[in-house]
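Engineer: A single structure is presented below for examination.
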Amino acid sequence: MENDRSQLGQVDPRRARFPCCIVWTPIPFITWLVPFIGHIGICREDGVILDFAGPNFISVDNFAFGTVARYIQVNCDECYKLLEPEGDATWDGALRKGTQEFQNRNYNLFTCNCHSFVVNNLNRLFYSGHDKWNVVSLAAVMFLQGRWVSTASVVKTFLPFAVVVSIGTFLGGMTFLIGLVAFAAVMTGWFLVGTYCIKGLIEL
């Protein structure tokens, strides 16, 4: 079968090759304030990264915001659209359809972003036996289960946050910390409300 994991190449961070993976990297300024928010993409069977990087634009093999910091290699055996009896569905075929769709989408950080693109593909693949993936569940899975590429990736993600918090607390004290928590709450709350309360606000 084309989706047999034994036929996939090895993950190779030095060449930016992550076969059948979901990949994540921090976004300057935003991740420095809220370290669980970042840029996300999905990879073809040959490991090339695809990510929704701007209006009507799917970046190919040029991951926006830098090198991959975390990844999850998807178990293709759980992509039930690939297990149909006729066997004409493929991982790359699903990604091609998702790419074609998002090449006609406007990018918006709050309503249609990189997470929307990856979620669209996971739902198209019926990953884990359902098509109910959303931007919140995807972000949670990456934050809780994502594998770090290296120790340097951990430092790259959390050191700026630690520096900002230290300087901000030194200069602004409790006022800064309250503002930081409020910013994180607003960002998180927006996507929670848009996903679970106002259907259709977050495009998938």
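Lettering and numbering for the structure tokens are positional, with chains as A, B, ... in the shown order, residues counted from 1 in each chain, and ligands counted from 1 in the shown order.
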Applying 8 Å and only C-alpha atoms, which residues near Pro19 of chain A remain after dropping the ones on its own chain fewer than 3 positions away? List them as a list in words.

Structural biologist: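 Selected residues are Leu8, Gly9, Gln10, Val11, Cys43, Arg44, Glu45, Asp46, Gly47, Val48 and Gln73 of chain A.
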
Engineer: Suppose we keep N, CA, C and O atoms; can you now write the selection as a tab-separated table (two decimals), in the first residue's frame?

Structural biologist:
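Once everything was written out, this is again-v3.tsv:
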```tsv
chain	number	residue	atom	x	y	z
A	8	LEU	N	7.96	4.93	4.00
A	8	LEU	CA	8.25	6.33	4.22
A	8	LEU	C	9.73	6.53	4.52
A	8	LEU	O	10.36	5.70	5.14
A	9	GLY	N	10.26	7.68	4.08
A	9	GLY	CA	11.63	8.01	4.43
A	9	GLY	C	11.73	8.40	5.89
A	9	GLY	O	10.74	8.61	6.58
A	10	GLN	N	12.96	8.50	6.36
A	10	GLN	CA	13.19	8.87	7.74
A	10	GLN	C	13.06	10.38	7.93
A	10	GLN	O	13.34	11.16	7.02
A	11	VAL	N	12.63	10.77	9.11
A	11	VAL	CA	12.62	12.19	9.45
A	11	VAL	C	14.07	12.70	9.45
A	11	VAL	O	14.95	12.09	10.06
A	43	CYS	N	3.12	17.75	5.98
A	43	CYS	CA	4.16	17.32	5.03
A	43	CYS	C	3.68	16.20	4.11
A	43	CYS	O	2.90	15.34	4.51
A	44	ARG	N	4.20	16.22	2.91
A	44	ARG	CA	3.92	15.17	1.93
A	44	ARG	C	4.65	13.89	2.33
A	44	ARG	O	5.42	13.86	3.28
A	45	GLU	N	4.38	12.84	1.57
A	45	GLU	CA	5.03	11.56	1.85
A	45	GLU	C	6.54	11.62	1.68
A	45	GLU	O	7.28	10.87	2.33
A	46	ASP	N	7.01	12.52	0.81
A	46	ASP	CA	8.46	12.65	0.63
A	46	ASP	C	9.09	13.58	1.67
A	46	ASP	O	10.29	13.84	1.63
A	47	GLY	N	8.27	14.11	2.59
A	47	GLY	CA	8.79	14.93	3.67
A	47	GLY	C	8.76	16.42	3.42
A	47	GLY	O	9.10	17.20	4.32
A	48	VAL	N	8.40	16.85	2.23
A	48	VAL	CA	8.36	18.27	1.91
A	48	VAL	C	7.21	18.94	2.66
A	48	VAL	O	6.10	18.44	2.71
A	73	GLN	N	4.65	12.64	13.72
A	73	GLN	CA	4.53	11.82	12.52
A	73	GLN	C	3.21	11.06	12.59
A	73	GLN	O	2.95	10.30	13.51
```

Engineer: For Trp24 of chain A, list every protein, DNA or RNA residue within 12 Å, evaluated using only C-alpha atoms, and leave out those in the same chain fewer than 2 positions away; present the list as a PyMOL selection string.

Structural biologist: chain A and resi 16+18+21-22+26-27+31+35-43+49-51+63-73+114-115+118+138-139+141-143+145-149+153-154+157

Engineer: So that I can check the surroundings of segment 162-175 of chain A, please list as JSON, numbers by chain every protein, DNA and RNA residue that reaches within 7 Å of it, counting only C-alpha atoms and ignoring chain neighbours fewer than 4 positions away.

Structural biologist: {"A": [32, 158, 179]}

Engineer: Extract the full set of alpha helix (DSSP H) residues from segment 131-179 of chain A according to DSSP on the backbone, and format it as a PyMOL selection string.

Structural biologist: chain A and resi 135-145+151-179

Engineer: Which residues come within 10 Å of segment 182-189 of chain A, counting only C-alpha atoms, excluding same-chain residues fewer than 2 positions away, as JSON, numbers by chain?

Structural biologist: {"A": [30, 33, 34, 35, 36, 37, 110, 136, 176, 177, 178, 179, 180, 191, 192, 193, 194, 195]}

Engineer: Include N, CA, C and O atoms and write out the residues we just selected as a compact mmCIF listing (two decimals), in the first residue's frame.

Structural biologist:
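Final file, again28.txt:
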```
# COMPACT_ATOMS: atom_id res chain seq x y z
N ILE A 30 4.78 36.71 18.81
CA ILE A 30 3.57 36.06 19.34
C ILE A 30 3.95 34.91 20.27
O ILE A 30 3.46 34.82 21.41
N LEU A 33 5.31 35.72 23.64
CA LEU A 33 4.33 36.09 24.66
C LEU A 33 3.45 34.91 25.09
O LEU A 33 3.09 34.79 26.25
N VAL A 34 3.11 34.06 24.10
CA VAL A 34 2.26 32.89 24.37
C VAL A 34 2.93 31.68 23.72
O VAL A 34 2.74 31.42 22.53
N PRO A 35 3.74 30.94 24.46
CA PRO A 35 4.61 29.93 23.84
C PRO A 35 3.91 28.72 23.23
O PRO A 35 4.55 27.93 22.56
N PHE A 36 2.61 28.57 23.45
CA PHE A 36 1.93 27.44 22.81
C PHE A 36 1.28 27.84 21.48
O PHE A 36 0.65 27.01 20.81
N ILE A 37 1.42 29.10 21.09
CA ILE A 37 0.93 29.55 19.78
C ILE A 37 2.11 29.61 18.82
O ILE A 37 3.16 30.17 19.13
N PHE A 110 -6.90 35.37 12.48
CA PHE A 110 -7.93 35.05 13.45
C PHE A 110 -9.05 34.14 12.91
O PHE A 110 -9.78 33.55 13.71
N VAL A 136 -8.41 24.22 17.66
CA VAL A 136 -8.11 24.05 19.08
C VAL A 136 -7.58 22.65 19.35
O VAL A 136 -6.56 22.48 20.04
N PHE A 176 2.55 44.25 34.28
CA PHE A 176 2.96 43.51 33.08
C PHE A 176 2.41 42.10 33.09
O PHE A 176 1.90 41.61 32.07
N LEU A 177 2.52 41.41 34.21
CA LEU A 177 2.06 40.02 34.29
C LEU A 177 0.56 39.92 34.04
O LEU A 177 0.09 39.01 33.35
N ILE A 178 -0.19 40.86 34.60
CA ILE A 178 -1.64 40.86 34.38
C ILE A 178 -1.94 41.09 32.89
O ILE A 178 -2.80 40.43 32.30
N GLY A 179 -1.21 42.01 32.28
CA GLY A 179 -1.40 42.26 30.85
C GLY A 179 -1.06 41.05 30.00
O GLY A 179 -1.75 40.74 29.03
N LEU A 180 0.03 40.35 30.37
CA LEU A 180 0.43 39.17 29.62
C LEU A 180 -0.61 38.06 29.73
O LEU A 180 -0.98 37.43 28.72
N PHE A 191 -10.20 31.76 19.91
CA PHE A 191 -10.27 30.52 19.15
C PHE A 191 -11.22 29.51 19.80
O PHE A 191 -11.86 28.73 19.10
N LEU A 192 -11.33 29.53 21.11
CA LEU A 192 -12.30 28.66 21.78
C LEU A 192 -13.73 29.06 21.41
O LEU A 192 -14.55 28.20 21.05
N VAL A 193 -14.02 30.35 21.48
CA VAL A 193 -15.36 30.83 21.13
C VAL A 193 -15.64 30.61 19.65
O VAL A 193 -16.72 30.14 19.26
N GLY A 194 -14.66 30.94 18.82
CA GLY A 194 -14.85 30.78 17.37
C GLY A 194 -15.00 29.34 16.94
O GLY A 194 -15.61 29.05 15.91
N THR A 195 -14.45 28.43 17.72
CA THR A 195 -14.53 27.00 17.37
C THR A 195 -15.78 26.35 17.92
O THR A 195 -16.47 25.59 17.21
```

Engineer: Considering only C-alpha atoms, can you say which of A:Val74, A:Ala152, A:Cys79, A:Leu125 comes closest to Leu95 of chain A?

Structural biologist: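 Between A:Val74, A:Ala152, A:Cys79, A:Leu125, the residue approaching Leu95 of chain A most closely is A:Leu125.
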
Engineer: Could you tell me how far atom CA of Phe29 of chain A sits from atom CA of Asn120 of chain A, in Å to one decimal place?

Structural biologist: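 Taking atom CA of Asn120 of chain A as the start and atom CA of Phe29 of chain A as the end point, the length is 26.5 Å.
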
Engineer: Give the strand (DSSP E or B) residues of segment 55-183 of chain A, as assigned by DSSP on the backbone, as a ChimeraX atom specification.

Structural biologist: /A:57-60,70-73,79,108,112,127,147-148

Engineer: Go through A:Glu78, A:Asp92, A:Glu203, A:Glu101 and flag the residue nearest Asn134 of chain A, using only C-alpha atoms for the distances.

Structural biologist: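 Of the candidates, the smallest distance to Asn134 of chain A is held by A:Glu203.
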
Engineer: Have a look at A:Leu144, A:Phe57, A:Pro28, A:Val23 and name the one nearest to Lys156 of chain A; count only C-alpha atoms.

Structural biologist: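 Between A:Leu144, A:Phe57, A:Pro28, A:Val23, the residue approaching Lys156 of chain A most closely is A:Pro28.
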
Engineer: Give me, please, the distance in Å between atom CA of Ser150 of chain A and atom CA of Asp61 of chain A, quoted to one decimal.

Structural biologist: 20.1 Å

Engineer: Which is closest to Asp77 of chain A among A:Ser116, A:Ser128, A:Ser137, A:Asn106, if we use only C-alpha atoms?

Structural biologist: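 Looking only at the distances to Asp77 of chain A, the closest residue turns out to be A:Ser128.
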
Engineer: Between A:Tyr127, A:Gln103, A:Arg15, A:Leu122, single out the one closest to Ser59 of chain A, counting only C-alpha atoms.

Structural biologist: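 Of the candidates, the smallest distance to Ser59 of chain A is held by A:Gln103.
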
Engineer: If you count only C-alpha atoms, which residues fall within 7 Å of Gly98 of chain A, apart from same-chain ones fewer than 4 positions away, as a list of chain:residue names?

Structural biologist: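 Listed by chain and then number, they are A:Ala94, A:Phe102, A:Asn120, A:Asn121.
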
Engineer: Save out the residues we just selected, C-alpha atoms, as a CSV table (one decimal), in the first residue's frame.

Structural biologist:
```
chain,number,residue,atom,x,y,z
A,94,ALA,CA,-5.6,14.5,-0.1
A,102,PHE,CA,-6.5,27.0,0.1
A,120,ASN,CA,-8.8,20.7,6.5
A,121,ASN,CA,-6.3,18.0,5.4
```

Engineer: One decimal, in Å: what's the spacing between atom CA of Thr99 of chain A and atom CA of Lys199 of chain A?

Structural biologist: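 The value is 23.0 Å.
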